[in-house]
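Student: Sharing a structure here in structure tokens format.
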Amino acid sequence: MLRHVQRSGLQPFSQRLLPWVQSIALPRSHRVQPSAIRHVRSWSNIPFITVPLSRAHGKPFAHRSELKHAKRIVVKLGSAVVTRGDECGLALGRLASIVEQVSVLQNQGREMMLVTSGAVAFGKQRLRHEILLSQSVRQALHSGQNHLKEMAIPVLEARACAAAGQSGLMALYEAMFTQYSICAAQILVTNLDFHDEQKRRNLNGTLHELLRMNIVPIVNTNDAVVPPAEPNSDLQGVNVISVKDNDSLAARLAVEMKTDLLIVLSDVEGLFDSPPGSDDAKLIDIFYPGDQQSVTFGTKSRVGLGGMEAKVKAALWALQGGTSVVIANGTHPKVSGHVITDIVEGKKVGTFFSEVKPAGPTVEQQGEMARSGGRMLATLEPEQRAEIINHLADLLTDQREEILLANKKDLEEAEGRLAGPLLKRLSLSTSKLNSLAIGLRQIAASSQESVGRVLRRTRIAKNLELEQVTVPIGVLLVIFESRPDCLPQVAALAIASGNGLLLKGGKEAMHSNRILHLLTQEALSIHGVKEAIQLVNTREEVEDLCRLDKIIDLIIPRGSSQLVRDIQKAAKGIPVMGHSEGICHMYVDSEASVDKVTRLVRDSKCEYPAACNALETLLIHRDLLRTPLFDQIIDMLRVEQVKIHAGPKFASYLTFSPSEVKSLRTEYGDLEVCIEVVDSVQEAIDHIHKYGSSHTDVIVTENEKTAEFFLQHVDSACVFWNASTRFSDGYRFGLGAEVGISTSRIHARGPVGLEGLLTTKWLLRGQDHVVSDFSEHGRLKYLHENLPVPQRHFS
């Protein structure tokens, strides 16, 4: 693996490039300023790959996740990417970003090639400047005055512009690549270079030699001499394609050089099923040969010869020749600085062309099915939703042998790969299934008064009444690790609340999740809403799922604090309900009961140390040091083999202390605990607010006044008095189950059960009411009378 060596003493790339760019003979108004390329990322921040790059060429990659293995890559830069918005001159900032990314990939050991437009635009800019300069001199000699504003610029012929611009374009690329110690070489081609066998062999040999020498070939059509494209039977087979634009050139080059990946950068996000900008246009994530009839193509790009239809034809031709293809946006300022590296890393960017069509639906299709099924679920009677959940509870006990057999497969495959606490989470048992069934029946009972419950009624005016009623949130995405028992719990809550549901479980629980999902769909089928709950089994990465803001309304991560943080970071415009960490505290007051303390500490820390509601920091009042109570706590922790870390104040009291804690904001998730000393209940509260995560915090004391002060002043989702932190759980709270524990301050907080999966809508019933009737001189007045809320009664 190549090691990245940080260069010392080099200026930022934009500053190093600026003097060279300013030296080009451009009008002052066209000269680039430092801010023009300030968005270029530091290339040293892009991670280097650690995957093998060797690959036998033959078939294109079947999945995006395999793109990281691409060894030889062609990047095609469309005219709209290379040129500025005024179509005269180059977009230097974008070019700098592209060169940076190509250089990073080249320095990873890949073989990079560029197919670039831009010579015509660059030449047009230079020729316009020369013409203006020439005319201004003549005007000055003739009249002594400058009449630049009155000058007419003649129409510039494209071939002349290409001839004038090609050398400058190449010099620009050379200067940019030099900053990364990479050499670039220019190759100009025409159609004849591919169709004449001798010329084709010469071109092939030159390119292979350049790649062998670690040089980046920059290929362009020789627009200064190329004849107009003639109609022919191109794109009919692997051996026939006419180089009539840079799209066809890139495809031909990719197949000729047996490249693994062709990246086509344009000014749109990818291929849409209808022209981008139209009302119902949807970006196509994966495009398969034969899908052309499902696409309506729009007009071509604002510049250049090709349009999206030409790109698709060229892409399919390259795919047929064994090269994977991605069409993506290279002009968007927020993504252009990392679009190439994102594609190679396998991220869901643009349209990926694949020959392998998945057996099941795409995740986008699953999301649509979940939304449609969820809406049908919400229209069922409460008794029908309860019947579905009760049937699922019965299936968990009736089919326990099949469930445990599938779980045994997961455990066998995970043996030696997962740590002990994770194996415990993965494991199912008869008692777990029985507890699950009990919890589901609790949810079924509470679901009778969930969706459609009237919260408020107001008489706005005579015959104008307003209601606020509960409704589902929409489509939920729940991502969970290891714990297959999470699936039926979350499914039951989604059913009770009328929400559509996408479930993404960990690979380690694949067999268990599959059978539990099948049982869930069997229960849903009794009322014809089988598709409301979907299990995502595709190769979708979690980060890609978090971008589906048009499908998903709420993401709920259930797993490690790292998983939650990753999802919160990756979510693009979708709310995330979760807690970042479970740093739970227990404060042992000076008036704590000796009989209670050790039981509470043992249960909170040792009963299930991997849980997010397990104790992590034990705060002890200073007066308890060197007392029998303190000794009992320490002895119990030692017996339970709990590793003790000393806080700074606690360490100062000890001659021989345990290892001093590195951070007071640590969630251990194992048999480890931090002990710190405080002088008062107020200091304990201050410590919790400074170092805690607002999850669950406990006071142990016999002083009711001190306890109430703690309960009222600690600002956490769950605050307990003389009770284990482990009670922070939806099942133990009587919610039946939970989708997670939320430490956010908006919407639900603490264990999130059925109520946390509902939102509200307003229903207004009137009789020809208009707002103008309520104006200052109108005929009606607002009443705003509170009306009684109807109560549902169930047997």
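The way I read the labels, and the way they are meant: chains A, B, ... in the order of the structure tokens, residue 1 as the first residue of every chain, and ligand 1 as the first ligand shown, with later ones counted on from there.
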Do a neighbour search on Met213 in chain A at 12 Å with only C-alpha atoms, toss out local chain neighbours closer than 6 positions, and write the hits as a list in words.
Tutor: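 My reading of the contact set: Gln106, Gly109, Glu111, Met112, Ile182, Cys183, Ala184, Ala185, Thr206 and Leu207 of chain A.
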Student: Fewer than 2 positions away in the same chain doesn't count, so skip those; otherwise give me all residues within 10 Å of Tyr180 in chain A, counting only C-alpha atoms, as a count of residues only.
Tutor: 15
Student: What's the 6 Å shell around Val81 in chain A, counting only C-alpha atoms, without same-chain residues fewer than 2 positions away, as a list in words?
Tutor: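 Using only C-alpha atoms, the neighbours found are Gly78, Ser79, Thr83, Ser266, Gly330 and Thr331 of chain A.
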Student: Quick one: of A:Thr458, A:Gln399, A:Ser427, A:Gln534, who's nearest to Ile515 in chain A, counting only C-alpha atoms?
Tutor: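 The shortest atom-to-atom distance to Ile515 in chain A comes from A:Gln399.
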Student: If we count only C-alpha atoms and set the cut-off at 6 Å, which residues sit around range 346-363 of chain A, ignoring sequence neighbours fewer than 2 positions away in its own chain? Please answer as number ranges by chain.
Tutor: A: 62, 64-65, 67, 269-271, 284-288, 325-328, 342-344, 365-366, 544
Student: Write the residues you've just listed into a file as a tab-separated table (two decimals), in the first residue's frame, and include N, CA, C and O atoms for each of them.
Tutor:
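Contents of part23.tsv, as written:
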```
chain	number	residue	atom	x	y	z
A	62	ALA	N	-20.67	-5.64	-10.66
A	62	ALA	CA	-22.12	-5.82	-10.52
A	62	ALA	C	-22.72	-4.85	-9.51
A	62	ALA	O	-23.91	-4.50	-9.61
A	64	ARG	N	-22.08	-1.30	-6.70
A	64	ARG	CA	-21.28	-0.10	-6.40
A	64	ARG	C	-20.16	-0.41	-5.41
A	64	ARG	O	-19.08	0.15	-5.51
A	65	SER	N	-20.45	-1.26	-4.45
A	65	SER	CA	-19.45	-1.52	-3.40
A	65	SER	C	-18.16	-2.11	-3.97
A	65	SER	O	-17.12	-2.07	-3.32
A	67	LEU	N	-16.66	-0.97	-6.68
A	67	LEU	CA	-15.91	0.04	-7.42
A	67	LEU	C	-14.60	0.39	-6.74
A	67	LEU	O	-13.67	0.88	-7.40
A	269	GLU	N	-27.27	15.47	-12.00
A	269	GLU	CA	-26.92	14.50	-10.97
A	269	GLU	C	-26.72	13.09	-11.53
A	269	GLU	O	-26.12	12.24	-10.90
A	270	GLY	N	-27.28	12.83	-12.70
A	270	GLY	CA	-27.20	11.51	-13.29
A	270	GLY	C	-28.31	11.36	-14.30
A	270	GLY	O	-28.77	12.34	-14.90
A	271	LEU	N	-28.77	10.15	-14.49
A	271	LEU	CA	-29.84	9.87	-15.44
A	271	LEU	C	-31.18	9.89	-14.71
A	271	LEU	O	-31.35	9.22	-13.70
A	284	ILE	N	-32.36	8.01	-11.42
A	284	ILE	CA	-32.24	6.56	-11.51
A	284	ILE	C	-30.93	6.16	-10.85
A	284	ILE	O	-29.85	6.55	-11.30
A	285	ASP	N	-31.02	5.39	-9.80
A	285	ASP	CA	-29.84	4.98	-9.05
A	285	ASP	C	-29.00	3.98	-9.84
A	285	ASP	O	-27.80	4.14	-10.00
A	286	ILE	N	-29.66	2.94	-10.36
A	286	ILE	CA	-28.98	1.90	-11.14
A	286	ILE	C	-29.72	1.73	-12.46
A	286	ILE	O	-30.95	1.60	-12.48
A	287	PHE	N	-28.99	1.75	-13.55
A	287	PHE	CA	-29.58	1.63	-14.89
A	287	PHE	C	-29.11	0.33	-15.51
A	287	PHE	O	-27.92	0.00	-15.47
A	288	TYR	N	-30.06	-0.42	-16.07
A	288	TYR	CA	-29.76	-1.72	-16.64
A	288	TYR	C	-30.00	-1.69	-18.15
A	288	TYR	O	-30.89	-1.00	-18.63
A	325	VAL	N	-19.72	1.89	-15.53
A	325	VAL	CA	-19.92	3.31	-15.84
A	325	VAL	C	-20.75	3.96	-14.75
A	325	VAL	O	-21.72	3.37	-14.25
A	326	VAL	N	-20.37	5.19	-14.38
A	326	VAL	CA	-21.19	6.04	-13.51
A	326	VAL	C	-21.29	7.41	-14.17
A	326	VAL	O	-20.27	8.00	-14.56
A	327	ILE	N	-22.52	7.92	-14.31
A	327	ILE	CA	-22.76	9.29	-14.77
A	327	ILE	C	-23.15	10.12	-13.56
A	327	ILE	O	-24.07	9.76	-12.83
A	328	ALA	N	-22.45	11.23	-13.32
A	328	ALA	CA	-22.70	12.02	-12.12
A	328	ALA	C	-22.49	13.50	-12.41
A	328	ALA	O	-22.02	13.89	-13.48
A	342	ASP	N	-15.78	9.88	-4.12
A	342	ASP	CA	-16.99	9.26	-3.57
A	342	ASP	C	-17.44	8.09	-4.43
A	342	ASP	O	-17.83	7.03	-3.93
A	343	ILE	N	-17.40	8.28	-5.74
A	343	ILE	CA	-17.81	7.21	-6.66
A	343	ILE	C	-16.90	6.00	-6.49
A	343	ILE	O	-17.36	4.86	-6.37
A	344	VAL	N	-15.60	6.24	-6.45
A	344	VAL	CA	-14.65	5.13	-6.33
A	344	VAL	C	-14.78	4.45	-4.97
A	344	VAL	O	-14.55	3.24	-4.84
A	365	GLN	N	-37.81	1.35	-4.18
A	365	GLN	CA	-39.10	0.70	-4.37
A	365	GLN	C	-39.65	0.18	-3.05
A	365	GLN	O	-40.86	0.25	-2.80
A	366	GLN	N	-38.77	-0.35	-2.20
A	366	GLN	CA	-39.22	-0.81	-0.89
A	366	GLN	C	-39.77	0.35	-0.07
A	366	GLN	O	-40.76	0.21	0.65
A	544	ASP	N	-25.83	5.56	2.42
A	544	ASP	CA	-26.69	5.80	1.27
A	544	ASP	C	-28.15	5.84	1.67
A	544	ASP	O	-28.94	6.63	1.14
```
Student: Within range 544-723 of chain A, find each residue whose DSSP state, derived from the backbone, is helix (DSSP H, G or I), and express the selection as a PyMOL selection string.
Tutor: chain A and resi 544-545+561-570+594-606+622-624+628-639+648-652+681-691+704-713
Student: Can you pull out every residue within 7 Å of Glu508 in chain A, counting only C-alpha atoms, but drop anything in the same chain fewer than 3 positions away, and send it as a VMD selection string?
Tutor: chain A and resid 410 414 482
Student: Check the smallest atom-to-atom distance from each of A:Leu501, A:Leu671, A:Val120, A:Cys718 to Tyr608 in chain A using only C-alpha atoms, then report the winner.
Tutor: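 Closest to Tyr608 in chain A, using only C-alpha atoms: A:Leu671.
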